[in-house]
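Just target-v4.pdb here, PDB, C-alpha atoms:
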```
ATOM      1  CA  MET A   1      94.524 100.921  89.994
ATOM      2  CA  ASN A   2      93.230 103.803  92.142
ATOM      3  CA  ASN A   3      92.649 103.575  95.898
ATOM      4  CA  GLU A   4      88.879 103.826  95.515
ATOM      5  CA  LEU A   5      88.747 100.780  93.265
ATOM      6  CA  SER A   6      91.178  98.879  95.498
ATOM      7  CA  SER A   7      88.910  99.398  98.503
ATOM      8  CA  LEU A   8      85.901  98.192  96.513
ATOM      9  CA  ILE A   9      87.697  95.008  95.457
ATOM     10  CA  ASP A  10      88.349  94.225  99.113
ATOM     11  CA  ASP A  11      84.618  94.538  99.849
ATOM     12  CA  LYS A  12      82.902  91.136 100.180
ATOM     13  CA  ASN A  13      80.070  92.431  97.970
ATOM     14  CA  PHE A  14      82.421  93.057  95.042
ATOM     15  CA  VAL A  15      81.952  90.468  92.262
ATOM     16  CA  ASN A  16      85.409  90.121  90.783
ATOM     17  CA  SER A  17      84.346  87.886  87.893
ATOM     18  CA  LEU A  18      81.815  90.484  86.733
ATOM     19  CA  ALA A  19      84.456  93.213  86.903
ATOM     20  CA  ARG A  20      86.846  91.104  84.841
ATOM     21  CA  GLY A  21      84.136  90.357  82.282
ATOM     22  CA  LEU A  22      83.434  94.067  81.895
ATOM     23  CA  SER A  23      87.157  94.718  81.484
ATOM     24  CA  VAL A  24      87.100  92.400  78.471
ATOM     25  CA  ILE A  25      84.348  94.487  76.883
ATOM     26  CA  GLN A  26      86.288  97.668  77.619
ATOM     27  CA  ALA A  27      89.393  96.252  75.943
ATOM     28  CA  PHE A  28      87.807  97.013  72.562
ATOM     29  CA  ASP A  29      87.929 100.613  71.393
ATOM     30  CA  LYS A  30      88.485 102.726  68.292
ATOM     31  CA  ASN A  31      92.166 101.842  68.091
ATOM     32  CA  ASP A  32      91.659  98.172  68.958
ATOM     33  CA  SER A  33      88.347  97.245  67.372
ATOM     34  CA  LYS A  34      89.496  93.678  66.636
ATOM     35  CA  LEU A  35      91.746  91.716  68.982
ATOM     36  CA  THR A  36      93.225  88.265  69.288
ATOM     37  CA  LEU A  37      92.829  86.211  72.448
ATOM     38  CA  THR A  38      96.420  87.026  73.416
ATOM     39  CA  GLU A  39      95.840  90.755  72.929
ATOM     40  CA  VAL A  40      92.675  90.690  75.065
ATOM     41  CA  ALA A  41      94.523  88.857  77.823
ATOM     42  CA  LYS A  42      97.360  91.383  77.703
ATOM     43  CA  LYS A  43      95.087  94.446  77.747
ATOM     44  CA  THR A  44      93.025  93.119  80.665
ATOM     45  CA  ASP A  45      95.825  91.523  82.714
ATOM     46  CA  LEU A  46      93.986  88.201  82.522
ATOM     47  CA  SER A  47      95.444  84.784  81.842
ATOM     48  CA  ARG A  48      94.767  83.387  78.381
ATOM     49  CA  ALA A  49      92.510  80.735  79.939
ATOM     50  CA  ALA A  50      90.435  83.352  81.780
ATOM     51  CA  ALA A  51      90.241  85.645  78.752
ATOM     52  CA  ARG A  52      89.105  82.685  76.642
ATOM     53  CA  ARG A  53      86.270  81.874  79.086
ATOM     54  CA  PHE A  54      85.037  85.454  79.163
ATOM     55  CA  LEU A  55      85.212  85.811  75.378
ATOM     56  CA  PHE A  56      83.392  82.483  74.906
ATOM     57  CA  THR A  57      80.624  83.615  77.275
ATOM     58  CA  LEU A  58      80.285  87.038  75.636
ATOM     59  CA  ASN A  59      80.218  85.393  72.222
ATOM     60  CA  ALA A  60      77.508  82.954  73.333
ATOM     61  CA  LEU A  61      75.440  85.884  74.592
ATOM     62  CA  GLY A  62      75.918  87.813  71.348
ATOM     63  CA  TYR A  63      77.996  90.674  72.738
ATOM     64  CA  VAL A  64      81.213  89.563  71.014
ATOM     65  CA  ILE A  65      81.722  88.161  67.516
ATOM     66  CA  THR A  66      84.650  86.018  66.377
ATOM     67  CA  ASP A  67      85.987  84.499  63.177
ATOM     68  CA  GLY A  68      87.975  81.953  65.160
ATOM     69  CA  LYS A  69      91.064  84.125  65.407
ATOM     70  CA  LEU A  70      89.947  87.708  65.973
ATOM     71  CA  PHE A  71      87.257  88.988  68.332
ATOM     72  CA  TRP A  72      85.185  92.187  68.094
ATOM     73  CA  LEU A  73      82.109  93.690  69.710
ATOM     74  CA  GLY A  74      78.744  92.787  68.222
ATOM     75  CA  PRO A  75      75.786  95.142  67.669
ATOM     76  CA  LYS A  76      74.065  93.708  70.747
ATOM     77  CA  ILE A  77      76.558  95.627  72.909
ATOM     78  CA  LEU A  78      74.601  98.772  71.995
ATOM     79  CA  GLU A  79      71.757  97.507  74.169
ATOM     80  CA  LEU A  80      73.875  98.236  77.237
ATOM     81  CA  GLY A  81      74.370 101.859  76.242
ATOM     82  CA  TYR A  82      70.755 102.241  75.154
ATOM     83  CA  ALA A  83      69.582 100.992  78.547
ATOM     84  CA  TYR A  84      71.338 103.963  80.168
ATOM     85  CA  LEU A  85      70.027 106.488  77.659
ATOM     86  CA  ALA A  86      66.480 105.142  77.933
ATOM     87  CA  SER A  87      66.560 105.276  81.729
ATOM     88  CA  GLN A  88      67.803 108.864  82.040
ATOM     89  CA  PRO A  89      65.094 111.528  81.620
ATOM     90  CA  ILE A  90      67.727 114.232  81.107
ATOM     91  CA  VAL A  91      68.670 112.740  77.735
ATOM     92  CA  ASP A  92      65.238 113.343  76.209
ATOM     93  CA  ILE A  93      64.756 116.628  78.039
ATOM     94  CA  VAL A  94      67.903 118.387  76.857
ATOM     95  CA  GLN A  95      67.780 117.632  73.136
ATOM     96  CA  PRO A  96      65.274 120.363  72.124
ATOM     97  CA  TYR A  97      67.280 122.961  74.056
ATOM     98  CA  ILE A  98      70.526 121.824  72.432
ATOM     99  CA  ASP A  99      68.881 122.157  69.036
ATOM    100  CA  THR A 100      67.708 125.680  69.927
ATOM    101  CA  VAL A 101      71.192 126.776  71.018
ATOM    102  CA  SER A 102      72.724 125.399  67.822
ATOM    103  CA  LYS A 103      70.131 127.174  65.695
ATOM    104  CA  ALA A 104      70.645 130.474  67.537
ATOM    105  CA  THR A 105      74.445 130.386  67.472
ATOM    106  CA  GLY A 106      75.163 128.390  64.335
ATOM    107  CA  GLU A 107      77.530 126.204  66.379
ATOM    108  CA  SER A 108      77.614 122.629  67.655
ATOM    109  CA  CYS A 109      76.122 122.154  71.118
ATOM    110  CA  SER A 110      76.480 119.245  73.537
ATOM    111  CA  VAL A 111      75.516 118.033  76.997
ATOM    112  CA  SER A 112      77.687 115.750  79.082
ATOM    113  CA  VAL A 113      77.820 114.227  82.550
ATOM    114  CA  LEU A 114      80.805 113.426  84.753
ATOM    115  CA  GLU A 115      81.773 109.763  85.019
ATOM    116  CA  GLY A 116      84.880 109.125  87.054
ATOM    117  CA  THR A 117      87.541 111.494  85.751
ATOM    118  CA  ASP A 118      85.909 111.918  82.325
ATOM    119  CA  VAL A 119      82.957 113.694  80.822
ATOM    120  CA  VAL A 120      80.653 111.495  78.756
ATOM    121  CA  TYR A 121      78.562 113.024  75.980
ATOM    122  CA  ILE A 122      74.869 112.145  76.385
ATOM    123  CA  ALA A 123      73.324 114.476  73.782
ATOM    124  CA  ARG A 124      74.646 116.497  70.858
ATOM    125  CA  HIS A 125      73.646 118.670  67.903
ATOM    126  CA  LEU A 126      76.390 118.886  65.292
ATOM    127  CA  THR A 127      76.742 121.822  62.907
ATOM    128  CA  HIS A 128      80.521 121.957  62.420
ATOM    129  CA  HIS A 129      83.304 119.425  62.864
ATOM    130  CA  VAL A 130      85.511 121.330  65.294
ATOM    131  CA  MET A 131      87.767 118.450  66.368
ATOM    132  CA  SER A 132      89.885 115.920  64.521
ATOM    133  CA  VAL A 133      88.063 113.260  66.554
ATOM    134  CA  THR A 134      84.341 112.972  65.839
ATOM    135  CA  LEU A 135      82.295 113.597  68.976
ATOM    136  CA  ASN A 136      79.234 111.403  69.374
ATOM    137  CA  VAL A 137      76.909 110.353  72.159
ATOM    138  CA  GLY A 138      79.028 108.125  74.377
ATOM    139  CA  THR A 139      82.322 109.870  73.617
ATOM    140  CA  ARG A 140      84.549 110.272  76.683
ATOM    141  CA  LEU A 141      87.014 113.118  77.199
ATOM    142  CA  PRO A 142      89.195 114.016  80.202
ATOM    143  CA  ALA A 143      87.225 116.341  82.462
ATOM    144  CA  PHE A 144      90.226 118.428  83.509
ATOM    145  CA  VAL A 145      90.862 119.711  79.992
ATOM    146  CA  THR A 146      87.276 120.326  78.814
ATOM    147  CA  SER A 147      84.953 123.252  79.439
ATOM    148  CA  MET A 148      82.108 120.956  80.516
ATOM    149  CA  GLY A 149      84.363 118.960  82.807
ATOM    150  CA  ARG A 150      85.739 122.024  84.543
ATOM    151  CA  VAL A 151      82.356 123.639  85.051
ATOM    152  CA  ILE A 152      80.994 120.424  86.604
ATOM    153  CA  LEU A 153      84.062 120.159  88.848
ATOM    154  CA  ALA A 154      83.559 123.784  89.886
ATOM    155  CA  ASN A 155      80.209 122.819  91.388
ATOM    156  CA  LYS A 156      81.656 120.096  93.603
ATOM    157  CA  GLU A 157      83.130 120.316  97.086
ATOM    158  CA  ASN A 158      86.859 121.023  97.277
ATOM    159  CA  ASP A 159      87.619 117.596  98.753
ATOM    160  CA  GLU A 160      85.900 115.855  95.863
ATOM    161  CA  ILE A 161      87.722 118.042  93.346
ATOM    162  CA  ASP A 162      91.021 117.048  94.963
ATOM    163  CA  GLN A 163      90.089 113.372  94.796
ATOM    164  CA  ILE A 164      89.121 113.556  91.122
ATOM    165  CA  LEU A 165      92.253 115.465  90.128
ATOM    166  CA  THR A 166      94.392 113.004  92.093
ATOM    167  CA  ARG A 167      92.898 110.105  90.118
ATOM    168  CA  THR A 168      93.222 111.976  86.814
ATOM    169  CA  GLN A 169      96.049 111.237  84.419
ATOM    170  CA  ILE A 170      96.961 114.836  83.729
ATOM    171  CA  LYS A 171      99.010 115.250  80.583
ATOM    172  CA  LYS A 172      99.584 117.826  77.882
ATOM    173  CA  HIS A 173      97.286 117.558  74.881
ATOM    174  CA  THR A 174      98.584 120.773  73.309
ATOM    175  CA  GLU A 175     101.148 123.419  74.191
ATOM    176  CA  PHE A 176      98.340 125.331  75.942
ATOM    177  CA  THR A 177      97.148 122.522  78.236
ATOM    178  CA  LEU A 178      97.097 123.470  81.912
ATOM    179  CA  VAL A 179      98.712 120.547  83.742
ATOM    180  CA  ASP A 180      99.675 121.940  87.159
ATOM    181  CA  ARG A 181      97.102 120.634  89.673
ATOM    182  CA  GLU A 182      97.272 123.725  91.890
ATOM    183  CA  GLU A 183      96.756 126.016  88.908
ATOM    184  CA  LEU A 184      93.876 123.812  87.794
ATOM    185  CA  LYS A 185      92.240 124.160  91.202
ATOM    186  CA  MET A 186      92.658 127.941  91.022
ATOM    187  CA  GLN A 187      91.066 127.944  87.563
ATOM    188  CA  ILE A 188      88.180 125.793  88.827
ATOM    189  CA  GLY A 189      87.686 128.236  91.708
ATOM    190  CA  LYS A 190      87.460 131.105  89.221
ATOM    191  CA  ILE A 191      84.906 129.156  87.183
ATOM    192  CA  ARG A 192      82.850 128.590  90.342
ATOM    193  CA  GLN A 193      82.658 132.357  90.877
ATOM    194  CA  GLN A 194      81.878 133.378  87.297
ATOM    195  CA  GLY A 195      79.483 130.521  86.512
ATOM    196  CA  TYR A 196      80.976 129.465  83.181
ATOM    197  CA  SER A 197      84.118 127.892  81.765
ATOM    198  CA  ILE A 198      86.111 128.692  78.632
ATOM    199  CA  VAL A 199      88.791 126.297  77.433
ATOM    200  CA  ASN A 200      90.958 127.696  74.671
ATOM    201  CA  GLN A 201      92.937 125.194  72.583
ATOM    202  CA  GLU A 202      93.938 123.088  75.609
ATOM    203  CA  LEU A 203      92.370 119.873  74.320
ATOM    204  CA  GLU A 204      93.088 120.379  70.637
ATOM    205  CA  ILE A 205      94.678 123.169  68.636
ATOM    206  CA  GLY A 206      91.988 125.256  66.983
ATOM    207  CA  LEU A 207      89.234 124.236  69.411
ATOM    208  CA  ARG A 208      87.663 126.828  71.681
ATOM    209  CA  SER A 209      84.647 125.982  73.869
ATOM    210  CA  ILE A 210      82.428 127.478  76.536
ATOM    211  CA  ALA A 211      80.190 125.662  79.027
ATOM    212  CA  VAL A 212      77.741 126.325  81.850
ATOM    213  CA  PRO A 213      76.377 123.925  84.476
ATOM    214  CA  ILE A 214      72.931 122.318  84.451
ATOM    215  CA  PHE A 215      71.188 122.011  87.825
ATOM    216  CA  ASN A 216      68.318 119.752  88.833
ATOM    217  CA  ALA A 217      65.296 120.817  90.894
ATOM    218  CA  ARG A 218      67.319 120.515  94.126
ATOM    219  CA  GLY A 219      70.033 122.821  92.835
ATOM    220  CA  LYS A 220      72.580 120.036  92.288
ATOM    221  CA  CYS A 221      74.807 120.224  89.220
ATOM    222  CA  VAL A 222      74.037 117.077  87.229
ATOM    223  CA  ALA A 223      75.468 117.929  83.816
ATOM    224  CA  ALA A 224      76.923 120.686  81.666
ATOM    225  CA  ILE A 225      76.028 122.199  78.309
ATOM    226  CA  ASN A 226      78.594 123.643  75.962
ATOM    227  CA  VAL A 227      79.280 125.065  72.538
ATOM    228  CA  GLY A 228      82.461 124.114  70.732
ATOM    229  CA  THR A 229      83.868 126.441  68.075
ATOM    230  CA  GLN A 230      86.861 126.917  65.832
ATOM    231  CA  ALA A 231      89.243 129.385  67.478
ATOM    232  CA  ALA A 232      90.160 131.018  64.169
ATOM    233  CA  ARG A 233      86.518 131.691  63.369
ATOM    234  CA  VAL A 234      84.972 132.589  66.752
ATOM    235  CA  SER A 235      86.570 135.004  69.218
ATOM    236  CA  GLU A 236      86.275 134.842  73.011
ATOM    237  CA  ASP A 237      84.236 138.077  72.863
ATOM    238  CA  THR A 238      81.717 136.278  70.659
ATOM    239  CA  LEU A 239      81.636 133.391  73.113
ATOM    240  CA  LEU A 240      80.850 135.753  75.974
ATOM    241  CA  ASN A 241      78.481 138.147  74.213
ATOM    242  CA  LYS A 242      76.523 135.841  71.904
ATOM    243  CA  ILE A 243      76.961 132.218  72.917
ATOM    244  CA  LEU A 244      77.095 132.455  76.718
ATOM    245  CA  PRO A 245      73.608 134.074  76.989
ATOM    246  CA  ALA A 246      72.148 131.301  74.813
ATOM    247  CA  LEU A 247      73.772 128.628  76.992
ATOM    248  CA  LYS A 248      72.609 130.264  80.218
ATOM    249  CA  ASN A 249      69.060 130.495  78.932
ATOM    250  CA  ALA A 250      69.073 126.853  77.849
ATOM    251  CA  SER A 251      70.489 125.755  81.213
ATOM    252  CA  SER A 252      67.830 127.741  83.069
ATOM    253  CA  GLU A 253      65.008 126.293  80.977
ATOM    254  CA  ILE A 254      66.323 122.736  81.354
ATOM    255  CA  SER A 255      66.546 123.175  85.151
ATOM    256  CA  LYS A 256      62.864 124.160  85.275
ATOM    257  CA  VAL A 257      61.762 120.846  83.802
ATOM    258  CA  LEU A 258      64.484 118.555  85.150
ATOM    259  CA  PRO A 259      63.310 116.289  87.990
ATOM    260  CA  SER A 260      65.208 116.181  91.272
TER     261      SER A 260
END
```
Before anything else, please render the file you have as structure tokens.
Amino acid sequence: MNNELSSLIDDKNFVNSLARGLSVIQAFDKNDSKLTLTEVAKKTDLSRAAARRFLFTLNALGYVITDGKLFWLGPKILELGYAYLASQPIVDIVQPYIDTVSKATGESCSVSVLEGTDVVYIARHLTHHVMSVTLNVGTRLPAFVTSMGRVILANKENDEIDQILTRTQIKKHTEFTLVDREELKMQIGKIRQQGYSIVNQELEIGLRSIAVPIFNARGKCVAAINVGTQAARVSEDTLLNKILPALKNASSEISKVLPS
């Protein structure tokens, strides 16, 4: 548990039961799509009795389904994600520009926002499968090892960058992954100066990506747009000479219509 969350729990306004209920929802993922009561309790650090109460409540509300032994998320859980997408104007705004970039470059294009220490995909146009893991709206990836994450971090104050990197579980994803925090901060500083980020096979072997920031009307970086490519097929020169101009143009056009 990080210090920020610990301080929130100590706040009298923090509703611990709600936090624990949300932790039950978050216990289900791609690797653990169906869980027993015991497994839910173990993953959430709850007692079996508490886990049972939360699962019963979520089942009664339609967010969790059970066959009496196993539990899994129900389709109604999508309403929670849709509520975010429907309430964020950027989601609808960026899609036409993503489509344009993909058409111009022949590559997959995405937009993500920073949430905690991760980037979360909020819009995407897929042309090629460039990762072993399918990237969809809602997919989370570690910010420190992604082009979009680094370019968003580069537009934050140094103190905030330090805080995010301190909370980040930095680990090697490939032999090329940059894991030294001081070197990461130097790389982020370079990205701040040049205005774009290239990550070459640090997240997954064979994946090369480039990203630029998206600013709102007040000049605040609120998201990033990137193109992901196969390293064997697309060189860094192509990223810089063909794809980067398309990304910069899309970012500029999005900023013109994005509310503050």
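Compared by their closest atoms to Ile98 in chain A, and using only C-alpha atoms, the residues A:Arg167, A:Lys185, A:Lys76, A:His125 rank with A:His125 nearest.
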Just say which residues the PyMOL selection byres ((chain A and resi 137-154) around 7) picks in this file, as a short mmCIF file (atom, residue, chain, number, x, y, z; two decimals) with C-alpha atoms, keeping the file's coordinate frame.
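Saved result, selection-v3.cif, follows:
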```cif
data_model
loop_
_atom_site.label_atom_id
_atom_site.label_comp_id
_atom_site.auth_asym_id
_atom_site.auth_seq_id
_atom_site.Cartn_x
_atom_site.Cartn_y
_atom_site.Cartn_z
CA SER A 112 77.69 115.75 79.08
CA LEU A 114 80.81 113.43 84.75
CA THR A 117 87.54 111.49 85.75
CA ASP A 118 85.91 111.92 82.32
CA VAL A 119 82.96 113.69 80.82
CA VAL A 120 80.65 111.50 78.76
CA TYR A 121 78.56 113.02 75.98
CA ILE A 122 74.87 112.14 76.39
CA ALA A 123 73.32 114.48 73.78
CA ARG A 124 74.65 116.50 70.86
CA LEU A 135 82.30 113.60 68.98
CA ASN A 136 79.23 111.40 69.37
CA ASN A 155 80.21 122.82 91.39
CA LYS A 156 81.66 120.10 93.60
CA ILE A 161 87.72 118.04 93.35
CA ILE A 188 88.18 125.79 88.83
CA GLY A 189 87.69 128.24 91.71
CA ILE A 191 84.91 129.16 87.18
CA ARG A 192 82.85 128.59 90.34
CA TYR A 196 80.98 129.46 83.18
CA SER A 197 84.12 127.89 81.76
CA ILE A 198 86.11 128.69 78.63
CA VAL A 199 88.79 126.30 77.43
CA GLU A 202 93.94 123.09 75.61
CA LEU A 203 92.37 119.87 74.32
CA SER A 209 84.65 125.98 73.87
CA ILE A 210 82.43 127.48 76.54
CA ALA A 211 80.19 125.66 79.03
CA VAL A 212 77.74 126.32 81.85
CA PRO A 213 76.38 123.92 84.48
CA CYS A 221 74.81 120.22 89.22
CA ALA A 223 75.47 117.93 83.82
CA ALA A 224 76.92 120.69 81.67
CA ILE A 225 76.03 122.20 78.31
CA ASN A 226 78.59 123.64 75.96
#
```
Residues returned when the PyMOL selection byres ((chain A and resi 39) around 12) runs on this file, as number ranges by chain: A: 24, 27-28, 32-38, 40-48, 51-52, 55, 69-72
Length of the CA of Arg53 in chain A to CA of Gly116 in chain A vector [Å]: 28.4 Å
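Interatomic distance, CA of Leu80 in chain A against CA of Phe14 in chain A: 20.4 Å.
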Atomic separation - CA of Ile254 in chain A relative to CA of Asn216 in chain A, Å: 8.3 Å
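When all atoms listed in the file are used to compute distances to Gly195 in chain A, the closest of the residues A:Cys109, A:Ile164, A:Leu73, A:Ile214 turns out to be A:Ile214.
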Using the file's own x, y and z axes, what box holds all listed atoms of range 61-79 of chain A with 5 Å on each side, keeping edges along x, y and z, and what are its centre and edge lengths in Å to one decimal, as lines of an AutoDock Vina configuration file?
```
center_x = 81.4
center_y = 90.4
center_z = 68.9
size_x = 29.3
size_y = 26.8
size_z = 21.4
```
Residues within 10 Å of Gly62 in chain A, all atoms listed in the file, excluding chain neighbours under 3 positions, as number ranges by chain: A: 56-59, 65, 73-77
Expected file: the selected residues, C-alpha atoms, as a CSV table (one decimal), in the coordinates of the input:
```
chain,number,residue,atom,x,y,z
A,56,PHE,CA,83.4,82.5,74.9
A,57,THR,CA,80.6,83.6,77.3
A,58,LEU,CA,80.3,87.0,75.6
A,59,ASN,CA,80.2,85.4,72.2
A,65,ILE,CA,81.7,88.2,67.5
A,73,LEU,CA,82.1,93.7,69.7
A,74,GLY,CA,78.7,92.8,68.2
A,75,PRO,CA,75.8,95.1,67.7
A,76,LYS,CA,74.1,93.7,70.7
A,77,ILE,CA,76.6,95.6,72.9
```
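Closest approach to Arg181 in chain A among A:Leu61, A:Thr229, A:Lys103, A:Gln169: A:Gln169, based on only C-alpha atoms.
In terms of minimum interatomic distance to Lys248 in chain A, A:Tyr97 ranks closest within A:Glu204, A:Val179, A:Tyr97, A:Ile90, counting only C-alpha atoms.
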Selected residue, from A:Leu247, A:Val234, A:Gln194, A:Glu253, that lies nearest to Ser102 in chain A when counting only C-alpha atoms: A:Leu247
Neighbour list for Ser235 in chain A as a PyMOL selection string, cut-off 12 Å, all atoms listed in the file, skip fewer than 4 positions in-chain: chain A and resi 198+200+206-210+228-231+239-243
Take range 70-79 of chain A, bring it up to all heavy atoms, and give me the output as a PDB file, keeping the file's coordinate frame.
```pdb
ATOM      1  N   LEU A  70      90.152  86.355  65.448  1.00  0.00           N
ATOM      2  CA  LEU A  70      89.947  87.708  65.973  1.00  0.00           C
ATOM      3  C   LEU A  70      88.595  87.802  66.656  1.00  0.00           C
ATOM      4  O   LEU A  70      87.644  87.085  66.313  1.00  0.00           O
ATOM      5  CB  LEU A  70      90.032  88.743  64.850  1.00  0.00           C
ATOM      6  CG  LEU A  70      91.392  88.904  64.175  1.00  0.00           C
ATOM      7  CD1 LEU A  70      91.267  89.840  62.982  1.00  0.00           C
ATOM      8  CD2 LEU A  70      92.419  89.435  65.164  1.00  0.00           C
ATOM      9  N   PHE A  71      88.500  88.722  67.615  1.00  0.00           N
ATOM     10  CA  PHE A  71      87.257  88.988  68.332  1.00  0.00           C
ATOM     11  C   PHE A  71      86.921  90.474  68.182  1.00  0.00           C
ATOM     12  O   PHE A  71      87.816  91.322  68.147  1.00  0.00           O
ATOM     13  CB  PHE A  71      87.405  88.650  69.817  1.00  0.00           C
ATOM     14  CG  PHE A  71      87.691  87.200  70.090  1.00  0.00           C
ATOM     15  CD1 PHE A  71      88.995  86.711  70.054  1.00  0.00           C
ATOM     16  CD2 PHE A  71      86.660  86.320  70.382  1.00  0.00           C
ATOM     17  CE1 PHE A  71      89.271  85.383  70.307  1.00  0.00           C
ATOM     18  CE2 PHE A  71      86.915  84.984  70.635  1.00  0.00           C
ATOM     19  CZ  PHE A  71      88.220  84.510  70.590  1.00  0.00           C
ATOM     20  N   TRP A  72      85.622  90.794  68.125  1.00  0.00           N
ATOM     21  CA  TRP A  72      85.185  92.187  68.094  1.00  0.00           C
ATOM     22  C   TRP A  72      83.785  92.279  68.686  1.00  0.00           C
ATOM     23  O   TRP A  72      83.076  91.285  68.792  1.00  0.00           O
ATOM     24  CB  TRP A  72      85.215  92.748  66.668  1.00  0.00           C
ATOM     25  CG  TRP A  72      84.356  92.038  65.661  1.00  0.00           C
ATOM     26  CD1 TRP A  72      83.077  92.343  65.310  1.00  0.00           C
ATOM     27  CD2 TRP A  72      84.731  90.904  64.851  1.00  0.00           C
ATOM     28  NE1 TRP A  72      82.615  91.482  64.347  1.00  0.00           N
ATOM     29  CE2 TRP A  72      83.600  90.595  64.037  1.00  0.00           C
ATOM     30  CE3 TRP A  72      85.886  90.129  64.735  1.00  0.00           C
ATOM     31  CZ2 TRP A  72      83.621  89.540  63.134  1.00  0.00           C
ATOM     32  CZ3 TRP A  72      85.909  89.078  63.838  1.00  0.00           C
ATOM     33  CH2 TRP A  72      84.786  88.787  63.041  1.00  0.00           C
ATOM     34  N   LEU A  73      83.419  93.486  69.090  1.00  0.00           N
ATOM     35  CA  LEU A  73      82.109  93.690  69.710  1.00  0.00           C
ATOM     36  C   LEU A  73      81.004  93.547  68.677  1.00  0.00           C
ATOM     37  O   LEU A  73      81.126  94.014  67.544  1.00  0.00           O
ATOM     38  CB  LEU A  73      82.028  95.073  70.358  1.00  0.00           C
ATOM     39  CG  LEU A  73      82.998  95.348  71.511  1.00  0.00           C
ATOM     40  CD1 LEU A  73      82.784  96.767  72.045  1.00  0.00           C
ATOM     41  CD2 LEU A  73      82.825  94.338  72.638  1.00  0.00           C
ATOM     42  N   GLY A  74      79.901  92.932  69.088  1.00  0.00           N
ATOM     43  CA  GLY A  74      78.744  92.787  68.222  1.00  0.00           C
ATOM     44  C   GLY A  74      77.735  93.900  68.456  1.00  0.00           C
ATOM     45  O   GLY A  74      77.788  94.613  69.464  1.00  0.00           O
ATOM     46  N   PRO A  75      76.792  94.092  67.533  1.00  0.00           N
ATOM     47  CA  PRO A  75      75.786  95.142  67.669  1.00  0.00           C
ATOM     48  C   PRO A  75      74.978  95.063  68.964  1.00  0.00           C
ATOM     49  O   PRO A  75      74.488  96.075  69.461  1.00  0.00           O
ATOM     50  CB  PRO A  75      74.881  94.924  66.441  1.00  0.00           C
ATOM     51  CG  PRO A  75      75.738  94.202  65.464  1.00  0.00           C
ATOM     52  CD  PRO A  75      76.640  93.335  66.279  1.00  0.00           C
ATOM     53  N   LYS A  76      74.859  93.867  69.526  1.00  0.00           N
ATOM     54  CA  LYS A  76      74.065  93.708  70.747  1.00  0.00           C
ATOM     55  C   LYS A  76      74.634  94.522  71.900  1.00  0.00           C
ATOM     56  O   LYS A  76      73.917  94.877  72.840  1.00  0.00           O
ATOM     57  CB  LYS A  76      73.991  92.239  71.149  1.00  0.00           C
ATOM     58  CG  LYS A  76      72.988  91.983  72.277  1.00  0.00           C
ATOM     59  CD  LYS A  76      72.846  90.498  72.574  1.00  0.00           C
ATOM     60  CE  LYS A  76      71.831  90.285  73.703  1.00  0.00           C
ATOM     61  NZ  LYS A  76      71.662  88.853  74.033  1.00  0.00           N
ATOM     62  N   ILE A  77      75.934  94.854  71.840  1.00  0.00           N
ATOM     63  CA  ILE A  77      76.558  95.627  72.909  1.00  0.00           C
ATOM     64  C   ILE A  77      75.893  96.990  73.048  1.00  0.00           C
ATOM     65  O   ILE A  77      75.902  97.606  74.121  1.00  0.00           O
ATOM     66  CB  ILE A  77      78.075  95.790  72.647  1.00  0.00           C
ATOM     67  CG1 ILE A  77      78.829  96.016  73.967  1.00  0.00           C
ATOM     68  CG2 ILE A  77      78.360  96.913  71.675  1.00  0.00           C
ATOM     69  CD1 ILE A  77      78.985  94.787  74.807  1.00  0.00           C
ATOM     70  N   LEU A  78      75.276  97.472  71.963  1.00  0.00           N
ATOM     71  CA  LEU A  78      74.601  98.772  71.995  1.00  0.00           C
ATOM     72  C   LEU A  78      73.424  98.769  72.963  1.00  0.00           C
ATOM     73  O   LEU A  78      73.014  99.824  73.446  1.00  0.00           O
ATOM     74  CB  LEU A  78      74.121  99.158  70.591  1.00  0.00           C
ATOM     75  CG  LEU A  78      75.221  99.439  69.556  1.00  0.00           C
ATOM     76  CD1 LEU A  78      74.607  99.634  68.179  1.00  0.00           C
ATOM     77  CD2 LEU A  78      76.030 100.658  69.963  1.00  0.00           C
ATOM     78  N   GLU A  79      72.880  97.587  73.233  1.00  0.00           N
ATOM     79  CA  GLU A  79      71.757  97.507  74.169  1.00  0.00           C
ATOM     80  C   GLU A  79      72.160  98.003  75.559  1.00  0.00           C
ATOM     81  O   GLU A  79      71.332  98.548  76.286  1.00  0.00           O
ATOM     82  CB  GLU A  79      71.243  96.072  74.254  1.00  0.00           C
ATOM     83  CG  GLU A  79      70.603  95.568  72.970  1.00  0.00           C
ATOM     84  CD  GLU A  79      70.126  94.129  73.094  1.00  0.00           C
ATOM     85  OE1 GLU A  79      70.221  93.563  74.210  1.00  0.00           O
ATOM     86  OE2 GLU A  79      69.665  93.575  72.077  1.00  0.00           O
TER      87      GLU A  79
END
```
